[in-house]
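Trainee: Can you read through this structure? Questions will come right after.
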Protein chains: 2
Amino acid sequence: MEEGPALQLRVFDLNCWAIRYLSKRRQERVQLVGDTLRREGFDLVLLQEVWSEWDYSVLKEKLGGCHPFSHYFRSGVIGSGLCVFSRFPILDAFLYRYSLNGYPYMLQHGDWFCGKSVGLVVIKISGIVFNVYVTHLHAEYCREKDAYLPHRVVQAWELAQFIRHTSAGADVVLLGGDLNMHPEDVGIRLLRGWTGLRDAFAEAKRFEGCEDGCTLVPDNCFAAKTELQPFPLGIRIDYILYKAAARFAVRCEELRTTTGTAPGRDIPYSDHEAVMATLLVRRQGPAPGPTLGRAAPALADVVNEARTEVRVGLHAAQRQRYSAGRMAVLALLLLLVQAAAGLASLAGWAAGQPFPRLSFSLLAVLAGGVLLLATVLHLFHTMEVKMLQGTEEEMRLALRALQQRLAAA
Amino acid sequence: MEEGPALQLRVFDLNCWAIRYLSKRRQERVQLVGDTLRREGFDLVLLQEVWSEWDYSVLKEKLGGCHPFSHYFRSGVIGSGLCVFSRFPILDAFLYRYSLNGYPYMLQHGDWFCGKSVGLVVIKISGIVFNVYVTHLHAEYCREKDAYLPHRVVQAWELAQFIRHTSAGADVVLLGGDLNMHPEDVGIRLLRGWTGLRDAFAEAKRFEGCEDGCTLVPDNCFAAKTELQPFPLGIRIDYILYKAAARFAVRCEELRTTTGTAPGRDIPYSDHEAVMATLLVRRQGPAPGPTLGRAAPALADVVNEARTEVRVGLHAAQRQRYSAGRMAVLALLLLLVQAAAGLASLAGWAAGQPFPRLSFSLLAVLAGGVLLLATVLHLFHTMEVKMLQGTEEEMRLALRALQQRLAAA
């Protein structure tokens, strides 16, 4: 069925771990990434965790010759950390911020401040329209008791929906990024099932790199060893995924990962390994459209599984909203009691006793502070509840549509 | 060129002004809207400002017979206020929240709390795929000195980008909503130019309703008279816009608006007038794709004009970020001076003088409060700056793409 010459596309994906003041040997590593990219001449470079625009401009200057086109996606307080470098003109860019992304008060995790997003750039190569997505989902800090799982599932759903709805005009769809999910996790299965994206690692004709394609490995001197203890080989959480429209075919010729240290150096590029894919894109005769066939019941199961996670998150968010609301009401009551006592003292009803002005004022300030904080928390969790309900409703619609398509088949 | 029978679609759009505890005669009006919709039997109903889910469920129950399919878009603290009722199955739903939407501290305006968004539902009628968008942009509180103009322009741009990127798979695109912009405003010109959407009012074969198609008119007893003083006829800020893919043609047969009071009643449906369009959709032979032609230079001008507004907003946001940062630094300095004085007093260096404990504590609390507030404000304006910069960059890309297409033509 294949026709015409193939277009070869070499894609590089890396979570750069470039957090200002925090990441070890950051500037040195950014320079190293820039030097390698300049030497290797990939067609497309998808980076995450380039938090500082200064680092982006260092890379931009270094890659100006080989990658004259680039886009940095701005979002949140710190930035989305996402950027794309391309050998081909970027025709359009668009950003979708995930509706849920952790909690602002979890300062030690900090995901909330990054405004985690998916960035889309549109590129045309030899008349073929590529929709290229780059993203970074909420981190998993504790796999056994993952409080962020519902948020990550919502992000995976929104990512899948964003890709589905924005890629109808594209000939080829590419997604690269740190998804913070293992290959068998519900979010990955949801993303792949709902979009039809294929995993470059699973499809590659040749593979070279860390065993099982892992991208967070104990051999990397920057990787957190404690997190990897249950996984002696490491884990695979960075992906390149792809699919083609009906008249095109994409094949992954080769997939590589870095393996700890950078070639000829004593440090790695990042705490993650880079993923590098060589893809072949070919025009082909009109292929049959994607048929749901036997995949549909499995897909419905995955959507149901994801919906259960969203529901778990919804219950937790409702509990937190209730607790914050109750705390606000209690603080308000305390303030009212204090106001009454203060007025009574002013009116001279307790003139015989000394009035403890300092501790009284401090208590009032404390109550005021708690009231303010609890109100803000209540509002935050109200938004969280709304977004989880919204996602659950979208998933319900998806399930109904799946069932109808199955019934009609 | 026209072929095949036409599909008639009757669309109803209304900003319902259903704010709990605030909007006058809200419940009565929601009932009235429900009764009218049940009687009139529109194919599609696009509503805004249905802030309370309770009102939505009242409508849902009332319209269950004639509009068995509906979707309520949840967002923000209060909700997006957007919902859709349809005679045909809703196959999919997706929400995009605008990245900028006023300021949380502008409590009297409250837009920030609504999480203003654009909702998309996908509907298939007789094999024709409709992408139906419903939205509500940030209100304009003072036309002479409109502090929200940059935010509204960003919203108009994001709306246009969202429609452009998500509608490639649709045969017909429909947008209904309260855009809070006059027909000649830069945001409307940007939206229409960048998406190719056509204005049902301008295209309608027959029109019936308020003069010039106005949807906020002095004759409406709920409309704010002072705002309308410079516009004796009223203003047109509610729209139905549409476009068709290459193999389809859409024509607006009739456009109507309500005119103040509801038929046979002493009150209007809302402070806005409803917009009702009768559209005819026809399949046609393959038409030439949209050519940029003579429209491109004008479109580039509009994007440039919008970009200037975004830049004005960017400068204001940078100034506010700087002021908030300076305030935070001053509060921190005051706290440090106080801490030094407190330590000195504890060490007994000023034992001769009485130490003013109460006023000292209150001042510390005040400084702490200012520090906290100024820090939050600084973070908020940092995000605002990032989003405005991001929009400006997207517009720059759009201009470059336009210029290249012009040069190639």
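Chains: A, B, ... in order of the structure tokens. Residues: from 1 per chain. Ligands: from 1, in order shown.
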Which chain B residues are at most 7 Å from chain A (counting only C-alpha atoms), as a ChimeraX atom specification?
Mentor: /B:73-77,91-93,165-166,168-169,358,379,382-383,386-387,390,394,397-398,401
Trainee: Let's see if you can do this: from backbone DSSP, list all alpha helix (DSSP H) residues in range 96-181 of chain B, as a ChimeraX atom specification.
Mentor: /B:111-114,149-166
Trainee: Just list as a list in words whatever in range 133-206 of chain A DSSP marks as strand (DSSP E or B).
Mentor: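 Put together, the selection reads Tyr133, Val134, Thr135, His136, Val172, Val173, Leu174, Leu175, Gly176, Gly177, Asp178, Arg198, Asp199 and Arg206 of chain A.
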Trainee: Would you mind exporting N, CA and C atoms of the selected residues as a compact mmCIF listing (two decimals), in the first residue's frame?
Mentor:
# COMPACT_ATOMS: atom_id res chain seq x y z
N TYR A 133 2.87 18.08 19.80
CA TYR A 133 2.46 18.42 21.16
C TYR A 133 3.61 18.13 22.12
N VAL A 134 3.80 19.03 23.08
CA VAL A 134 4.79 18.78 24.12
C VAL A 134 4.11 19.03 25.47
N THR A 135 4.34 18.15 26.41
CA THR A 135 3.64 18.31 27.68
C THR A 135 4.44 17.74 28.85
N HIS A 136 3.98 18.06 30.04
CA HIS A 136 4.59 17.58 31.28
C HIS A 136 3.47 17.50 32.30
N VAL A 172 0.00 14.24 10.46
CA VAL A 172 0.74 13.43 11.43
C VAL A 172 0.67 14.11 12.79
N VAL A 173 0.46 13.32 13.84
CA VAL A 173 0.41 13.83 15.20
C VAL A 173 1.60 13.27 15.98
N LEU A 174 2.31 14.14 16.66
CA LEU A 174 3.45 13.72 17.49
C LEU A 174 3.25 14.27 18.88
N LEU A 175 3.53 13.44 19.88
CA LEU A 175 3.47 13.93 21.26
C LEU A 175 4.75 13.50 21.96
N GLY A 176 5.41 14.44 22.59
CA GLY A 176 6.59 14.10 23.38
C GLY A 176 6.47 14.73 24.74
N GLY A 177 6.97 14.03 25.75
CA GLY A 177 6.95 14.68 27.04
C GLY A 177 7.11 13.72 28.20
N ASP A 178 7.20 14.34 29.36
CA ASP A 178 7.31 13.60 30.61
C ASP A 178 5.89 13.45 31.15
N ARG A 198 0.30 5.88 19.12
CA ARG A 198 1.11 4.68 19.31
C ARG A 198 2.41 5.04 19.99
N ASP A 199 2.92 4.10 20.79
CA ASP A 199 4.10 4.32 21.62
C ASP A 199 5.35 3.97 20.81
N ARG A 206 14.16 -0.91 15.81
CA ARG A 206 15.41 -1.09 16.54
C ARG A 206 15.35 -0.26 17.82
Trainee: Can you pull out the residues contacting range 181-197 of chain A? Cut-off 6 Å, using only C-alpha atoms, and skip same-chain residues under 2 positions away; I want them as an MDAnalysis selection string.
Mentor: chainID A and resid 153 156 160 164 179 236:237 241:243 299 302
Trainee: Please produce a file of the residues just selected, as a short mmCIF file (atom, residue, chain, number, x, y, z; two decimals), in the first residue's frame, where the atoms kept are all heavy atoms.
Mentor:
data_model
loop_
_atom_site.label_atom_id
_atom_site.label_comp_id
_atom_site.auth_asym_id
_atom_site.auth_seq_id
_atom_site.Cartn_x
_atom_site.Cartn_y
_atom_site.Cartn_z
N VAL A 153 -4.92 11.94 36.27
CA VAL A 153 -5.89 11.31 35.36
C VAL A 153 -6.69 12.38 34.62
O VAL A 153 -6.93 12.28 33.41
CB VAL A 153 -6.80 10.33 36.13
CG1 VAL A 153 -7.96 9.88 35.26
CG2 VAL A 153 -6.00 9.13 36.60
N ALA A 156 -4.43 13.67 31.97
CA ALA A 156 -4.32 12.73 30.86
C ALA A 156 -5.57 12.81 29.98
O ALA A 156 -5.50 12.76 28.75
CB ALA A 156 -4.13 11.30 31.37
N ALA A 160 -5.72 14.07 26.17
CA ALA A 160 -6.32 13.25 25.11
C ALA A 160 -7.40 14.03 24.37
O ALA A 160 -7.46 14.01 23.13
CB ALA A 160 -6.90 11.96 25.71
N ARG A 164 -7.32 15.02 20.47
CA ARG A 164 -8.42 14.56 19.61
C ARG A 164 -9.09 15.71 18.87
O ARG A 164 -9.33 15.65 17.67
CB ARG A 164 -9.48 13.88 20.47
CG ARG A 164 -9.58 12.39 20.31
CD ARG A 164 -10.42 11.84 21.43
NE ARG A 164 -11.76 12.42 21.44
CZ ARG A 164 -12.80 11.91 20.79
NH1 ARG A 164 -12.65 10.81 20.09
NH2 ARG A 164 -13.98 12.49 20.85
N LEU A 179 5.34 12.25 30.98
CA LEU A 179 3.94 12.05 31.36
C LEU A 179 3.81 11.61 32.82
O LEU A 179 2.69 11.48 33.33
CB LEU A 179 3.28 11.03 30.43
CG LEU A 179 3.31 11.39 28.93
CD1 LEU A 179 2.57 10.34 28.12
CD2 LEU A 179 2.67 12.76 28.69
N ARG A 236 9.88 3.94 33.12
CA ARG A 236 9.73 4.65 31.84
C ARG A 236 8.57 5.62 31.98
O ARG A 236 7.42 5.20 32.09
CB ARG A 236 9.44 3.63 30.72
CG ARG A 236 9.35 4.29 29.35
CD ARG A 236 9.64 3.28 28.25
NE ARG A 236 8.51 2.42 28.00
CZ ARG A 236 7.59 2.65 27.05
NH1 ARG A 236 7.68 3.73 26.29
NH2 ARG A 236 6.59 1.82 26.86
N ILE A 237 8.88 6.91 32.02
CA ILE A 237 7.81 7.92 32.17
C ILE A 237 7.92 9.01 31.10
O ILE A 237 7.06 9.87 31.03
CB ILE A 237 7.82 8.56 33.58
CG1 ILE A 237 9.16 9.22 33.87
CG2 ILE A 237 7.50 7.53 34.65
CD1 ILE A 237 9.17 9.98 35.20
N LEU A 241 5.06 9.61 21.32
CA LEU A 241 3.90 8.90 20.78
C LEU A 241 3.55 9.53 19.43
O LEU A 241 3.84 10.71 19.19
CB LEU A 241 2.70 9.02 21.73
CG LEU A 241 2.90 8.59 23.18
CD1 LEU A 241 1.69 8.99 24.03
CD2 LEU A 241 3.09 7.09 23.28
N TYR A 242 2.91 8.77 18.56
CA TYR A 242 2.59 9.32 17.24
C TYR A 242 1.39 8.61 16.63
O TYR A 242 1.02 7.50 17.02
CB TYR A 242 3.79 9.21 16.31
CG TYR A 242 4.28 7.80 16.09
CD1 TYR A 242 3.65 6.96 15.18
CD2 TYR A 242 5.36 7.29 16.82
CE1 TYR A 242 4.08 5.66 15.00
CE2 TYR A 242 5.80 5.99 16.63
CZ TYR A 242 5.15 5.18 15.72
OH TYR A 242 5.56 3.88 15.56
N LYS A 243 0.81 9.26 15.64
CA LYS A 243 -0.18 8.60 14.79
C LYS A 243 -0.28 9.37 13.48
O LYS A 243 0.17 10.52 13.38
CB LYS A 243 -1.55 8.52 15.47
CG LYS A 243 -2.29 9.82 15.59
CD LYS A 243 -3.74 9.59 16.04
CE LYS A 243 -4.45 10.91 16.20
NZ LYS A 243 -5.84 10.76 16.60
N LEU A 299 -11.58 -0.07 25.54
CA LEU A 299 -11.50 1.37 25.73
C LEU A 299 -12.55 1.83 26.75
O LEU A 299 -12.26 2.65 27.63
CB LEU A 299 -11.70 2.08 24.38
CG LEU A 299 -11.64 3.60 24.40
CD1 LEU A 299 -10.36 4.10 25.04
CD2 LEU A 299 -11.74 4.16 22.98
N VAL A 302 -11.29 1.17 30.12
CA VAL A 302 -10.27 2.13 30.57
C VAL A 302 -10.93 3.44 31.00
O VAL A 302 -10.59 4.01 32.04
CB VAL A 302 -9.24 2.40 29.44
CG1 VAL A 302 -8.27 3.49 29.86
CG2 VAL A 302 -8.47 1.14 29.11
#
Trainee: For CA of Gln155 in chain A and CA of Val45 in chain A, quote the distance in Å rounded to one decimal.
Mentor: 22.6 Å
Trainee: Would you mind listing what lies within 12 Å of Phe360 in chain A as a PyMOL selection string, with only C-alpha atoms counted and same-chain residues fewer than 4 positions away left out?
Mentor: (chain A and resi 334-335+337-339+341-342+345+354-356+364-367) or (chain B and resi 358+361-362)
Trainee: At a cut-off of 7 Å, using only C-alpha atoms, what residues contact Gln48 in chain B? Leave out same-chain residues fewer than 6 positions from it and give the result as a PyMOL selection string.
Mentor: chain B and resi 14-16+81-83+136+177
Trainee: Phe69 in chain A: which residues within 9 Å, counting only C-alpha atoms, same-chain residues fewer than 6 positions away excluded, as a list of chain:residue names?
Mentor: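 What passes the distance filter is A:Lys60, A:Val84, A:Phe85, A:Ser86, A:Arg87, A:Phe88, A:Pro89, A:Ile90.
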Trainee: Hey, what's within 9 Å of Gly313 in chain A if we count only C-alpha atoms and toss same-chain stuff fewer than 5 positions away? As a ChimeraX atom specification, please?
Mentor: /A:147-151,308,318,385,388
Trainee: How far is it from CA of Val121 in chain B to CA of Ile235 in chain B, in Å with one decimal?
Mentor: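 Spanning CA of Val121 in chain B to CA of Ile235 in chain B is a straight-line distance of 28.2 Å.
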